[in-house]
Amino acid sequence: MASKEYVIDCNVLVKWFFEEKDSSKAELFYKEAKNGKLKLHSPNILELEFLGVLTKLGRSKDIENRFLENYFDYFIELCENKIINLVSLKNKRNEILKMSLANKIRYFDAEYLYLSKMLNIELITFDKDLKKKQITK
């Protein structure tokens, strides 16, 4: 059984697929979760954000569409195998909107913060601005 739990945002997931600054740190979370030592949670908007990133990369980089499609298929597999537990916050949108406005952050970012607060676990992010907002109103 997993001993530690975290909420992860999309930039952690992206670093699992694309070599970027801090990819090696993100990879540690992936390996620990895959080995059952960590349990990772994310709001279900992660899927839409990841699709947005893949679409943007498909337009701006020389990456074949089949690779991007394979990355998305693997993401779905990670969710189906509970490496990432997607959580619906649909019935919490008003509260999340208030949090977003109070903290002057994007709604998507507020969902990650809200889930972290709701589950009382740390949000793992490499977004410096979002890290600063972990104590929310």
# chains A, B, ... in the order shown; residues from 1 in each chain; ligands from 1
>>> select_by_dssp(residues="stretch 81-133 of chain A", states="strand (DSSP E)", output="list in words")
Ile84, Asn85, Leu86, Val87, Leu123 and Ile124 of chain A
>>> closest_atom_pairs(of="stretch 22-43 of chain A", to="stretch 57-78 of chain A", cutoff="10 Å", atoms="only C-alpha atoms", output="Markdown table")
| residue | atom | partner | partner_atom | distance |
| --- | --- | --- | --- | --- |
| A:Tyr30 | CA | A:Leu78 | CA | 9.9 |
| A:Ala33 | CA | A:Leu78 | CA | 10.0 |
| A:Lys34 | CA | A:Leu78 | CA | 8.7 |
>>> write_last_selection(atoms="C-alpha atoms", output="compact mmCIF listing (two decimals), in the first residue's frame")
# COMPACT_ATOMS: atom_id res chain seq x y z
CA TYR A 30 6.64 8.52 -11.49
CA ALA A 33 4.06 5.72 -7.93
CA LYS A 34 4.57 2.95 -10.47
>>> select_by_dssp(residues="chain A", states="alpha helix (DSSP H)", output="number ranges by chain")
A: 10-17, 23-34, 45-60, 65-80, 93-103, 107-119, 128-132
>>> residues_around(residues="A:Leu28", least_positions_apart="4", cutoff="12 Å", atoms="only C-alpha atoms", output="PDB file with N, CA and C atoms, in the first residue's frame")
ATOM      1  N   VAL A  12       4.193  18.435 -13.934  1.00  0.00           N
ATOM      2  CA  VAL A  12       4.881  17.222 -13.478  1.00  0.00           C
ATOM      3  C   VAL A  12       4.702  16.124 -14.527  1.00  0.00           C
ATOM      4  N   LEU A  13       3.476  15.945 -14.971  1.00  0.00           N
ATOM      5  CA  LEU A  13       3.181  14.935 -15.980  1.00  0.00           C
ATOM      6  C   LEU A  13       3.969  15.175 -17.267  1.00  0.00           C
ATOM      7  N   LYS A  15       6.784  16.551 -17.715  1.00  0.00           N
ATOM      8  CA  LYS A  15       8.203  16.241 -17.520  1.00  0.00           C
ATOM      9  C   LYS A  15       8.470  14.735 -17.564  1.00  0.00           C
ATOM     10  N   TRP A  16       7.431  13.919 -17.423  1.00  0.00           N
ATOM     11  CA  TRP A  16       7.595  12.473 -17.584  1.00  0.00           C
ATOM     12  C   TRP A  16       7.788  12.098 -19.047  1.00  0.00           C
ATOM     13  N   ASP A  22      14.166  19.925 -14.397  1.00  0.00           N
ATOM     14  CA  ASP A  22      13.501  19.198 -13.314  1.00  0.00           C
ATOM     15  C   ASP A  22      12.834  17.895 -13.740  1.00  0.00           C
ATOM     16  N   SER A  23      13.061  17.437 -14.963  1.00  0.00           N
ATOM     17  CA  SER A  23      12.485  16.157 -15.385  1.00  0.00           C
ATOM     18  C   SER A  23      12.951  15.007 -14.501  1.00  0.00           C
ATOM     19  N   SER A  24      14.202  15.051 -14.071  1.00  0.00           N
ATOM     20  CA  SER A  24      14.709  13.957 -13.227  1.00  0.00           C
ATOM     21  C   SER A  24      13.984  13.919 -11.884  1.00  0.00           C
ATOM     22  N   GLU A  32       8.256   6.017  -8.171  1.00  0.00           N
ATOM     23  CA  GLU A  32       7.717   5.633  -6.865  1.00  0.00           C
ATOM     24  C   GLU A  32       6.232   5.278  -6.951  1.00  0.00           C
ATOM     25  N   ALA A  33       5.488   6.018  -7.760  1.00  0.00           N
ATOM     26  CA  ALA A  33       4.060   5.724  -7.931  1.00  0.00           C
ATOM     27  C   ALA A  33       3.872   4.403  -8.670  1.00  0.00           C
ATOM     28  N   LYS A  34       4.666   4.191  -9.693  1.00  0.00           N
ATOM     29  CA  LYS A  34       4.570   2.951 -10.473  1.00  0.00           C
ATOM     30  C   LYS A  34       4.915   1.736  -9.613  1.00  0.00           C
ATOM     31  N   ASN A  35       5.818   1.919  -8.658  1.00  0.00           N
ATOM     32  CA  ASN A  35       6.200   0.838  -7.737  1.00  0.00           C
ATOM     33  C   ASN A  35       5.245   0.707  -6.561  1.00  0.00           C
ATOM     34  N   LYS A  37       4.738   2.868  -4.164  1.00  0.00           N
ATOM     35  CA  LYS A  37       5.222   3.519  -2.948  1.00  0.00           C
ATOM     36  C   LYS A  37       4.583   4.880  -2.721  1.00  0.00           C
ATOM     37  N   LEU A  38       4.031   5.466  -3.789  1.00  0.00           N
ATOM     38  CA  LEU A  38       3.340   6.753  -3.711  1.00  0.00           C
ATOM     39  C   LEU A  38       1.980   6.612  -4.366  1.00  0.00           C
ATOM     40  N   ILE A 124       2.506  18.804  -5.636  1.00  0.00           N
ATOM     41  CA  ILE A 124       3.816  18.803  -6.273  1.00  0.00           C
ATOM     42  C   ILE A 124       3.676  19.540  -7.595  1.00  0.00           C
TER      43      ILE A 124
END
>>> atom_distance(atom1="atom CA of A:Ser100", atom2="atom CA of A:Glu49")
16.7 Å
>>> closest_residue(among="A:Leu54, A:Leu46, A:Val7, A:Val14", to="A:Leu123", atoms="only C-alpha atoms")
A:Val7
>>> atom_distance(atom1="atom CA of A:Cys10", atom2="atom CA of A:Glu122")
14.8 Å
>>> closest_residue(among="A:Leu48, A:Ile121, A:Arg106, A:Asn91", to="A:Lys4", atoms="only C-alpha atoms")
A:Ile121
>>> residues_around(residues="stretch 127-132 of chain A", least_positions_apart="5", cutoff="9 Å", atoms="only C-alpha atoms", output="ChimeraX atom specification")
/A:9,11,105,109-110,113
>>> atom_distance(atom1="atom CA of A:Asn85", atom2="atom CA of A:Glu111")
14.3 Å
>>> closest_residue(among="A:Lys82, A:Lys98, A:His41, A:Lys104", to="A:Met118", atoms="only C-alpha atoms")
A:His41
>>> closest_residue(among="A:Ile83, A:Leu97, A:Ile45, A:Ala26", to="A:Glu5", atoms="only C-alpha atoms")
A:Ile83
>>> decode(residues="chain A", atoms="C-alpha atoms", output="compact mmCIF listing (two decimals), in the first residue's frame")
# COMPACT_ATOMS: atom_id res chain seq x y z
CA MET A 1 0.00 0.00 0.00
CA ALA A 2 1.21 3.50 -0.83
CA SER A 3 2.57 5.33 2.18
CA LYS A 4 2.78 8.87 0.79
CA GLU A 5 0.21 10.74 -1.25
CA TYR A 6 0.55 13.86 -3.37
CA VAL A 7 -1.43 15.95 -5.80
CA ILE A 8 0.44 16.54 -9.06
CA ASP A 9 -0.23 19.16 -11.70
CA CYS A 10 0.24 19.01 -15.44
CA ASN A 11 3.80 20.28 -15.49
CA VAL A 12 4.88 17.22 -13.48
CA LEU A 13 3.18 14.93 -15.98
CA VAL A 14 4.72 16.73 -18.97
CA LYS A 15 8.20 16.24 -17.52
CA TRP A 16 7.59 12.47 -17.58
CA PHE A 17 7.33 12.61 -21.37
CA PHE A 18 9.59 15.49 -22.39
CA GLU A 19 13.09 16.27 -21.16
CA GLU A 20 12.96 19.63 -19.41
CA LYS A 21 14.44 21.29 -16.38
CA ASP A 22 13.50 19.20 -13.31
CA SER A 23 12.49 16.16 -15.38
CA SER A 24 14.71 13.96 -13.23
CA LYS A 25 12.87 15.12 -10.09
CA ALA A 26 9.50 14.49 -11.71
CA GLU A 27 10.69 11.05 -12.83
CA LEU A 28 11.24 10.07 -9.20
CA PHE A 29 7.55 10.60 -8.45
CA TYR A 30 6.64 8.52 -11.49
CA LYS A 31 8.89 5.62 -10.48
CA GLU A 32 7.72 5.63 -6.87
CA ALA A 33 4.06 5.72 -7.93
CA LYS A 34 4.57 2.95 -10.47
CA ASN A 35 6.20 0.84 -7.74
CA GLY A 36 3.23 1.46 -5.44
CA LYS A 37 5.22 3.52 -2.95
CA LEU A 38 3.34 6.75 -3.71
CA LYS A 39 -0.24 7.53 -4.55
CA LEU A 40 -0.68 10.42 -6.95
CA HIS A 41 -3.92 12.38 -7.33
CA SER A 42 -4.97 15.07 -9.75
CA PRO A 43 -8.20 16.80 -10.67
CA ASN A 44 -9.67 15.35 -13.84
CA ILE A 45 -8.82 18.58 -15.69
CA LEU A 46 -5.33 17.10 -15.95
CA GLU A 47 -6.52 15.22 -19.01
CA LEU A 48 -7.60 18.42 -20.78
CA GLU A 49 -4.46 20.28 -19.79
CA PHE A 50 -2.26 17.45 -21.04
CA LEU A 51 -4.18 17.36 -24.33
CA GLY A 52 -3.61 21.11 -24.62
CA VAL A 53 0.12 20.69 -24.09
CA LEU A 54 0.33 17.88 -26.65
CA THR A 55 -1.61 19.96 -29.18
CA LYS A 56 0.65 22.96 -28.62
CA LEU A 57 3.77 20.82 -29.00
CA GLY A 58 2.36 19.25 -32.14
CA ARG A 59 1.99 22.70 -33.67
CA SER A 60 5.26 24.20 -32.51
CA LYS A 61 7.80 21.37 -32.42
CA ASP A 62 8.95 18.80 -34.90
CA ILE A 63 7.24 15.91 -33.09
CA GLU A 64 5.32 13.35 -35.10
CA ASN A 65 1.63 13.14 -34.28
CA ARG A 66 1.87 9.41 -33.65
CA PHE A 67 4.26 10.04 -30.77
CA LEU A 68 1.93 12.61 -29.24
CA GLU A 69 -0.99 10.21 -29.64
CA ASN A 70 1.06 7.45 -27.98
CA TYR A 71 1.86 9.76 -25.07
CA PHE A 72 -1.83 10.42 -24.56
CA ASP A 73 -2.63 6.70 -24.77
CA TYR A 74 0.01 6.05 -22.11
CA PHE A 75 -1.48 8.80 -19.94
CA ILE A 76 -4.86 7.05 -20.15
CA GLU A 77 -3.17 3.80 -19.17
CA LEU A 78 -1.57 5.50 -16.16
CA CYS A 79 -5.02 6.65 -15.03
CA GLU A 80 -6.67 3.29 -15.66
CA ASN A 81 -3.94 1.58 -13.64
CA LYS A 82 -4.37 4.16 -10.84
CA ILE A 83 -0.80 5.45 -11.13
CA ILE A 84 -2.65 8.77 -11.27
CA ASN A 85 -6.01 8.93 -9.52
CA LEU A 86 -8.18 11.47 -11.34
CA VAL A 87 -10.69 13.19 -9.06
CA SER A 88 -13.81 14.98 -10.28
CA LEU A 89 -14.32 18.39 -8.71
CA LYS A 90 -17.35 19.21 -10.82
CA ASN A 91 -19.56 19.86 -7.79
CA LYS A 92 -16.92 22.17 -6.26
CA ARG A 93 -16.60 24.65 -9.16
CA ASN A 94 -18.07 27.63 -7.28
CA GLU A 95 -15.68 27.14 -4.36
CA ILE A 96 -12.76 26.70 -6.75
CA LEU A 97 -13.72 29.81 -8.68
CA LYS A 98 -13.70 31.78 -5.41
CA MET A 99 -10.26 30.36 -4.60
CA SER A 100 -9.04 31.27 -8.09
CA LEU A 101 -10.27 34.85 -7.78
CA ALA A 102 -8.99 35.27 -4.20
CA ASN A 103 -5.53 34.04 -5.16
CA LYS A 104 -5.43 35.70 -8.60
CA ILE A 105 -4.58 32.44 -10.36
CA ARG A 106 -5.92 30.50 -13.33
CA TYR A 107 -8.96 28.38 -12.60
CA PHE A 108 -7.06 25.20 -13.58
CA ASP A 109 -4.32 26.00 -11.06
CA ALA A 110 -6.97 26.58 -8.39
CA GLU A 111 -8.31 23.07 -8.99
CA TYR A 112 -4.93 21.58 -8.10
CA LEU A 113 -4.72 23.75 -4.99
CA TYR A 114 -8.28 22.92 -4.00
CA LEU A 115 -7.71 19.17 -4.32
CA SER A 116 -4.52 19.44 -2.28
CA LYS A 117 -6.41 21.28 0.43
CA MET A 118 -9.39 18.91 0.25
CA LEU A 119 -7.21 15.81 0.61
CA ASN A 120 -4.85 17.57 3.05
CA ILE A 121 -1.79 16.53 1.05
CA GLU A 122 1.02 18.41 -0.65
CA LEU A 123 0.76 19.66 -4.20
CA ILE A 124 3.82 18.80 -6.27
CA THR A 125 4.43 21.40 -8.95
CA PHE A 126 7.39 22.95 -10.71
CA ASP A 127 5.39 26.12 -11.35
CA LYS A 128 7.08 28.67 -9.08
CA ASP A 129 4.05 30.98 -8.94
CA LEU A 130 1.72 28.13 -8.03
CA LYS A 131 4.12 26.91 -5.32
CA LYS A 132 3.83 30.31 -3.65
CA LYS A 133 0.03 29.98 -3.58
CA GLN A 134 -0.08 26.69 -1.67
CA ILE A 135 -1.40 28.49 1.39
CA THR A 136 -4.79 29.51 0.07
CA LYS A 137 -7.56 31.76 1.19
